[in-house]
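A.B. asks: One structure coming up, written as structure tokens, with questions to follow.
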Amino acid sequence: MSRLLLMLIGCSATALMFGLWIPFKALVAQELLTLAWAESQARQTEARPWPWADTWPVARLDIPELGASMIVLEGVHGESLAFGPGRVPAGAEGPVILAGHRDTHFKPLQFLAPGNELRLQGKDQHWQRYRVTDIRVVDSRTESIDTHALDADTLLLVTCYPFDSMDARGPLRYVVEASPVYALEQKDTVAAL
């Protein structure tokens with residue numbers, strides 16, 4: 001009986017350690033990324049957060065209403081997404097698309113609502129303000145996000161869905177669409193005329 005108890009305790013400790021390892025790694029990485037982000041801005045270069053990193057900071061995303069702030073990395077491959085949200089490489093034109101894991105950096109997305117503010121800072125230290133205009137769930141087996149139908153200055157945040165799912169390979173995606181505040185103010189002014 002005591003052998004079974006020890007085995008259960010060992011399994012529970014392993015599960016707890018694994019369950020906490022990924023969020024812990026993501027939290028520590030954000031501290032290192034913050035330092036690399038500051039260096040990127042100061043030197044206007046791509047500063048890697050650690051010598052073997054295959055990515056670098058390209059932006060800072062703030063969600064003021066939720067008290068969330070995170071460094072965004074270049075690329076969306078698995079290794080970079082383990083440390084922070086990533087920017088989907090895009091051409092010269094098109095929306096800014098950021099992807100992240102639902103159980104770490106993009107977990108706060110589930111609490112966003114239309115009208116919430118998002119802020120994105122580029123290497124030039126300029127902050128762009130956005131307002132959430134739409135939130136939807138997309139089934140990746142039957143739908144895709146038509147980025148050509150969106151304004152070039154749209155911000156899309158994409159993560160897996162549902163947030164509490166144990167299935168890491170599910171087909172559903174949670175998509176938050178946001179428009180620049182100045183664009184929304186211009187539309188309101190035109191509508192008032």
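How things are named: the first chain in the structure tokens is A, the next is B, and so on; residues count from 1 in each chain; ligands count from 1 in the order shown.
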Quick one: everything within 6 Å of segment 121-131 of chain A, counting only C-alpha atoms, minus sequence neighbours fewer than 4 positions away in the same chain. Send it as a list in words.
C.D. replies: Gln41, Ala59, Arg60, Gly115, Asn116, Glu117, Ala178, Ser179, Pro180 and Val181 of chain A
A.B. asks: Considering only alpha helix (DSSP H) as DSSP defines it on the backbone, what residues of segment 69-121 of chain A qualify? List them as a PyMOL selection string.
C.D. replies: chain A and resi 78-81
A.B. asks: So, counting only C-alpha atoms, which residue among A:Thr104, A:Gln44, A:Ser69, A:Thr55 is closest to Phe24 of chain A?
C.D. replies: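 Distance minimum relative to Phe24 of chain A lands on A:Thr104.
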A.B. asks: Counting only C-alpha atoms, which residue out of A:Glu79, A:Asp139, A:Glu65, A:Glu93 sits closest to Ala152 of chain A?
C.D. replies: A:Glu93
A.B. asks: So how many Å separate atom CA of Pro171 of chain A and atom CA of Arg141 of chain A, to one decimal?
C.D. replies: 6.3 Å
A.B. asks: Give me the residues near Leu32 of chain A as JSON, numbers by chain, where near means some atom within 10 Å (using only C-alpha atoms) and where sequence neighbours in that chain fewer than 4 positions away do not count.
C.D. replies: {"A": [27, 28, 36, 37, 48, 49, 50, 71, 83]}
A.B. asks: Produce a file of the selected residues containing N, CA and C atoms, as an mmCIF file, in the first residue's frame.
C.D. replies:
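Listed below is the output, again.cif:
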data_model
loop_
_atom_site.group_PDB
_atom_site.id
_atom_site.type_symbol
_atom_site.label_atom_id
_atom_site.label_comp_id
_atom_site.auth_asym_id
_atom_site.auth_seq_id
_atom_site.Cartn_x
_atom_site.Cartn_y
_atom_site.Cartn_z
ATOM 1 N N LEU A 27 7.116 32.957 -18.055
ATOM 2 C CA LEU A 27 7.280 34.137 -17.202
ATOM 3 C C LEU A 27 8.741 34.578 -17.150
ATOM 4 N N VAL A 28 9.663 33.641 -16.916
ATOM 5 C CA VAL A 28 11.089 33.968 -16.864
ATOM 6 C C VAL A 28 11.564 34.500 -18.211
ATOM 7 N N ALA A 36 16.054 42.376 -23.703
ATOM 8 C CA ALA A 36 16.403 42.396 -25.129
ATOM 9 C C ALA A 36 15.600 43.456 -25.872
ATOM 10 N N TRP A 37 14.336 43.658 -25.483
ATOM 11 C CA TRP A 37 13.492 44.674 -26.107
ATOM 12 C C TRP A 37 14.075 46.067 -25.858
ATOM 13 N N ARG A 48 18.967 39.612 -29.674
ATOM 14 C CA ARG A 48 18.484 38.286 -29.278
ATOM 15 C C ARG A 48 18.499 38.186 -27.751
ATOM 16 N N PRO A 49 17.454 37.579 -27.173
ATOM 17 C CA PRO A 49 17.348 37.531 -25.710
ATOM 18 C C PRO A 49 18.367 36.604 -25.044
ATOM 19 N N TRP A 50 18.890 35.637 -25.763
ATOM 20 C CA TRP A 50 19.949 34.746 -25.296
ATOM 21 C C TRP A 50 20.728 34.315 -26.529
ATOM 22 N N ILE A 71 6.145 40.954 -24.367
ATOM 23 C CA ILE A 71 7.031 41.204 -25.488
ATOM 24 C C ILE A 71 6.644 40.237 -26.607
ATOM 25 N N PHE A 83 8.074 31.098 -25.578
ATOM 26 C CA PHE A 83 8.595 32.193 -24.770
ATOM 27 C C PHE A 83 7.752 33.454 -24.823
#
A.B. asks: Interatomic distance between atom CA of Leu150 of chain A and atom CA of Gln110 of chain A?
C.D. replies: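 So the two atoms, atom CA of Leu150 of chain A and atom CA of Gln110 of chain A, lie 22.3 Å apart.
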A.B. asks: Hey, which of A:Val88, A:His105, A:Tyr182, A:Leu118 ends up closest to Cys160 of chain A? Count only C-alpha atoms.
C.D. replies: A:His105
A.B. asks: Hey, what's within 9 Å of Met70 of chain A if we count only C-alpha atoms and toss same-chain stuff fewer than 5 positions away? As a PDB file with N, CA and C atoms, in the first residue's frame, please?
C.D. replies:
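File produced: selection_28.pdb:
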ATOM      1  N   GLN A  30       9.917  36.164 -20.392  1.00  0.00           N
ATOM      2  CA  GLN A  30       9.466  37.536 -20.617  1.00  0.00           C
ATOM      3  C   GLN A  30      10.404  38.543 -19.948  1.00  0.00           C
ATOM      4  N   LEU A  33      13.288  38.760 -22.267  1.00  0.00           N
ATOM      5  CA  LEU A  33      12.841  39.433 -23.484  1.00  0.00           C
ATOM      6  C   LEU A  33      12.687  40.936 -23.258  1.00  0.00           C
ATOM      7  N   THR A  34      12.276  41.321 -22.060  1.00  0.00           N
ATOM      8  CA  THR A  34      12.143  42.748 -21.739  1.00  0.00           C
ATOM      9  C   THR A  34      13.502  43.438 -21.845  1.00  0.00           C
ATOM     10  N   ALA A  59       8.084  43.833 -30.788  1.00  0.00           N
ATOM     11  CA  ALA A  59       7.036  44.743 -30.308  1.00  0.00           C
ATOM     12  C   ALA A  59       6.722  44.436 -28.848  1.00  0.00           C
ATOM     13  N   ARG A  60       5.985  45.344 -28.241  1.00  0.00           N
ATOM     14  CA  ARG A  60       5.407  45.119 -26.906  1.00  0.00           C
ATOM     15  C   ARG A  60       3.899  45.300 -27.056  1.00  0.00           C
ATOM     16  N   LEU A  61       3.150  44.324 -26.538  1.00  0.00           N
ATOM     17  CA  LEU A  61       1.691  44.373 -26.548  1.00  0.00           C
ATOM     18  C   LEU A  61       1.196  44.609 -25.132  1.00  0.00           C
ATOM     19  N   ASP A  62       0.382  45.637 -24.955  1.00  0.00           N
ATOM     20  CA  ASP A  62      -0.235  45.927 -23.658  1.00  0.00           C
ATOM     21  C   ASP A  62      -1.749  45.797 -23.778  1.00  0.00           C
ATOM     22  N   ILE A  63      -2.349  45.213 -22.748  1.00  0.00           N
ATOM     23  CA  ILE A  63      -3.805  45.139 -22.630  1.00  0.00           C
ATOM     24  C   ILE A  63      -4.140  45.834 -21.311  1.00  0.00           C
ATOM     25  N   GLY A  84       6.891  33.576 -25.815  1.00  0.00           N
ATOM     26  CA  GLY A  84       6.049  34.759 -25.928  1.00  0.00           C
ATOM     27  C   GLY A  84       5.226  34.693 -27.189  1.00  0.00           C
ATOM     28  N   PRO A  85       4.284  35.607 -27.334  1.00  0.00           N
ATOM     29  CA  PRO A  85       3.518  35.637 -28.581  1.00  0.00           C
ATOM     30  C   PRO A  85       4.442  35.997 -29.735  1.00  0.00           C
ATOM     31  N   HIS A 105       0.729  33.293 -22.513  1.00  0.00           N
ATOM     32  CA  HIS A 105       0.666  34.720 -22.808  1.00  0.00           C
ATOM     33  C   HIS A 105      -0.697  35.202 -23.288  1.00  0.00           C
TER      34      HIS A 105
END
A.B. asks: Which of segment 41-165 of chain A counts as strand (DSSP E or B) under DSSP, as a ChimeraX atom specification please?
C.D. replies: /A:57-63,68-74,86-87,96-99,117-121,127-139,155-160
A.B. asks: Please dump the current selection as a short mmCIF file (atom, residue, chain, number, x, y, z; two decimals), in the first residue's frame; keep N, CA and C atoms.
C.D. replies:
data_model
loop_
_atom_site.label_atom_id
_atom_site.label_comp_id
_atom_site.auth_asym_id
_atom_site.auth_seq_id
_atom_site.Cartn_x
_atom_site.Cartn_y
_atom_site.Cartn_z
N PRO A 57 12.87 40.19 -30.13
CA PRO A 57 11.69 41.02 -29.87
C PRO A 57 11.42 42.00 -31.00
N VAL A 58 10.14 42.14 -31.37
CA VAL A 58 9.75 43.08 -32.42
C VAL A 58 8.71 44.09 -31.95
N ALA A 59 8.08 43.83 -30.79
CA ALA A 59 7.04 44.74 -30.31
C ALA A 59 6.72 44.44 -28.85
N ARG A 60 5.98 45.34 -28.24
CA ARG A 60 5.41 45.12 -26.91
C ARG A 60 3.90 45.30 -27.06
N LEU A 61 3.15 44.32 -26.54
CA LEU A 61 1.69 44.37 -26.55
C LEU A 61 1.20 44.61 -25.13
N ASP A 62 0.38 45.64 -24.95
CA ASP A 62 -0.24 45.93 -23.66
C ASP A 62 -1.75 45.80 -23.78
N ILE A 63 -2.35 45.21 -22.75
CA ILE A 63 -3.81 45.14 -22.63
C ILE A 63 -4.14 45.83 -21.31
N ALA A 68 -2.20 43.35 -18.52
CA ALA A 68 -1.28 42.42 -19.18
C ALA A 68 -0.35 43.18 -20.11
N SER A 69 0.91 42.76 -20.11
CA SER A 69 1.91 43.34 -20.99
C SER A 69 2.87 42.22 -21.37
N MET A 70 3.24 42.16 -22.64
CA MET A 70 4.13 41.10 -23.09
C MET A 70 4.97 41.54 -24.28
N ILE A 71 6.15 40.95 -24.37
CA ILE A 71 7.03 41.20 -25.49
C ILE A 71 6.64 40.24 -26.61
N VAL A 72 6.57 40.76 -27.83
CA VAL A 72 6.21 39.97 -29.01
C VAL A 72 7.48 39.63 -29.76
N LEU A 73 7.59 38.37 -30.18
CA LEU A 73 8.76 37.88 -30.89
C LEU A 73 8.51 37.79 -32.39
N GLU A 74 9.58 37.74 -33.16
CA GLU A 74 9.46 37.55 -34.60
C GLU A 74 9.24 36.06 -34.86
N GLY A 86 4.06 35.57 -30.94
CA GLY A 86 4.89 35.83 -32.10
C GLY A 86 4.15 36.61 -33.16
N ARG A 87 4.90 37.35 -33.94
CA ARG A 87 4.34 38.10 -35.07
C ARG A 87 4.42 37.22 -36.30
N VAL A 96 -1.45 43.40 -38.99
CA VAL A 96 -0.48 42.84 -38.05
C VAL A 96 -1.18 41.65 -37.39
N ILE A 97 -0.55 40.48 -37.48
CA ILE A 97 -1.14 39.27 -36.89
C ILE A 97 -0.18 38.75 -35.84
N LEU A 98 -0.70 38.62 -34.62
CA LEU A 98 0.07 38.08 -33.51
C LEU A 98 -0.58 36.78 -33.05
N ALA A 99 0.22 35.75 -32.82
CA ALA A 99 -0.29 34.46 -32.36
C ALA A 99 0.41 34.11 -31.05
N GLU A 117 -9.26 48.41 -25.03
CA GLU A 117 -8.10 48.99 -25.69
C GLU A 117 -6.93 48.01 -25.69
N LEU A 118 -6.19 48.01 -26.78
CA LEU A 118 -4.93 47.29 -26.92
C LEU A 118 -3.91 48.33 -27.35
N ARG A 119 -2.66 48.13 -26.94
CA ARG A 119 -1.60 49.04 -27.37
C ARG A 119 -0.43 48.21 -27.88
N LEU A 120 0.14 48.64 -28.98
CA LEU A 120 1.27 47.94 -29.58
C LEU A 120 2.39 48.93 -29.80
N GLN A 121 3.57 48.63 -29.23
CA GLN A 121 4.73 49.51 -29.37
C GLN A 121 5.73 48.87 -30.32
N TRP A 127 3.76 54.17 -29.67
CA TRP A 127 2.64 53.30 -29.30
C TRP A 127 1.47 53.52 -30.26
N GLN A 128 0.92 52.45 -30.78
CA GLN A 128 -0.30 52.51 -31.59
C GLN A 128 -1.44 51.98 -30.72
N ARG A 129 -2.50 52.77 -30.60
CA ARG A 129 -3.67 52.35 -29.81
C ARG A 129 -4.70 51.70 -30.73
N TYR A 130 -5.29 50.61 -30.24
CA TYR A 130 -6.33 49.89 -30.96
C TYR A 130 -7.53 49.69 -30.05
N ARG A 131 -8.69 49.50 -30.66
CA ARG A 131 -9.91 49.10 -29.94
C ARG A 131 -10.37 47.78 -30.51
N VAL A 132 -10.74 46.87 -29.61
CA VAL A 132 -11.27 45.58 -30.05
C VAL A 132 -12.61 45.83 -30.73
N THR A 133 -12.74 45.36 -31.96
CA THR A 133 -13.98 45.55 -32.72
C THR A 133 -14.76 44.25 -32.92
N ASP A 134 -14.06 43.11 -32.82
CA ASP A 134 -14.75 41.83 -33.05
C ASP A 134 -13.97 40.71 -32.38
N ILE A 135 -14.71 39.75 -31.86
CA ILE A 135 -14.13 38.53 -31.31
C ILE A 135 -14.93 37.37 -31.87
N ARG A 136 -14.22 36.38 -32.42
CA ARG A 136 -14.93 35.25 -33.01
C ARG A 136 -14.09 33.98 -32.87
N VAL A 137 -14.78 32.86 -33.01
CA VAL A 137 -14.11 31.56 -33.02
C VAL A 137 -14.17 31.03 -34.44
N VAL A 138 -13.03 30.61 -34.95
CA VAL A 138 -12.90 30.12 -36.32
C VAL A 138 -12.51 28.65 -36.27
N ASP A 139 -13.17 27.83 -37.06
CA ASP A 139 -12.81 26.42 -37.19
C ASP A 139 -11.81 26.32 -38.34
N LEU A 155 -5.25 44.95 -36.39
CA LEU A 155 -4.47 44.08 -35.52
C LEU A 155 -5.30 42.83 -35.23
N LEU A 156 -4.74 41.66 -35.49
CA LEU A 156 -5.41 40.39 -35.17
C LEU A 156 -4.59 39.65 -34.13
N LEU A 157 -5.26 39.17 -33.09
CA LEU A 157 -4.64 38.31 -32.08
C LEU A 157 -5.29 36.95 -32.22
N VAL A 158 -4.49 35.90 -32.36
CA VAL A 158 -5.02 34.56 -32.63
C VAL A 158 -4.42 33.56 -31.64
N THR A 159 -5.29 32.73 -31.08
CA THR A 159 -4.85 31.67 -30.18
C THR A 159 -5.79 30.47 -30.32
N CYS A 160 -5.39 29.36 -29.76
CA CYS A 160 -6.25 28.17 -29.82
C CYS A 160 -7.45 28.34 -28.89
#
A.B. asks: Closest to Pro108 of chain A among A:Pro51, A:Pro89, A:Pro162, A:Gly67, using only C-alpha atoms?
C.D. replies: A:Gly67
A.B. asks: In Å, how far is it from atom CA of Trp56 of chain A to atom CA of Glu39 of chain A?
C.D. replies: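 Here the two named atoms are 10.8 Å from each other.
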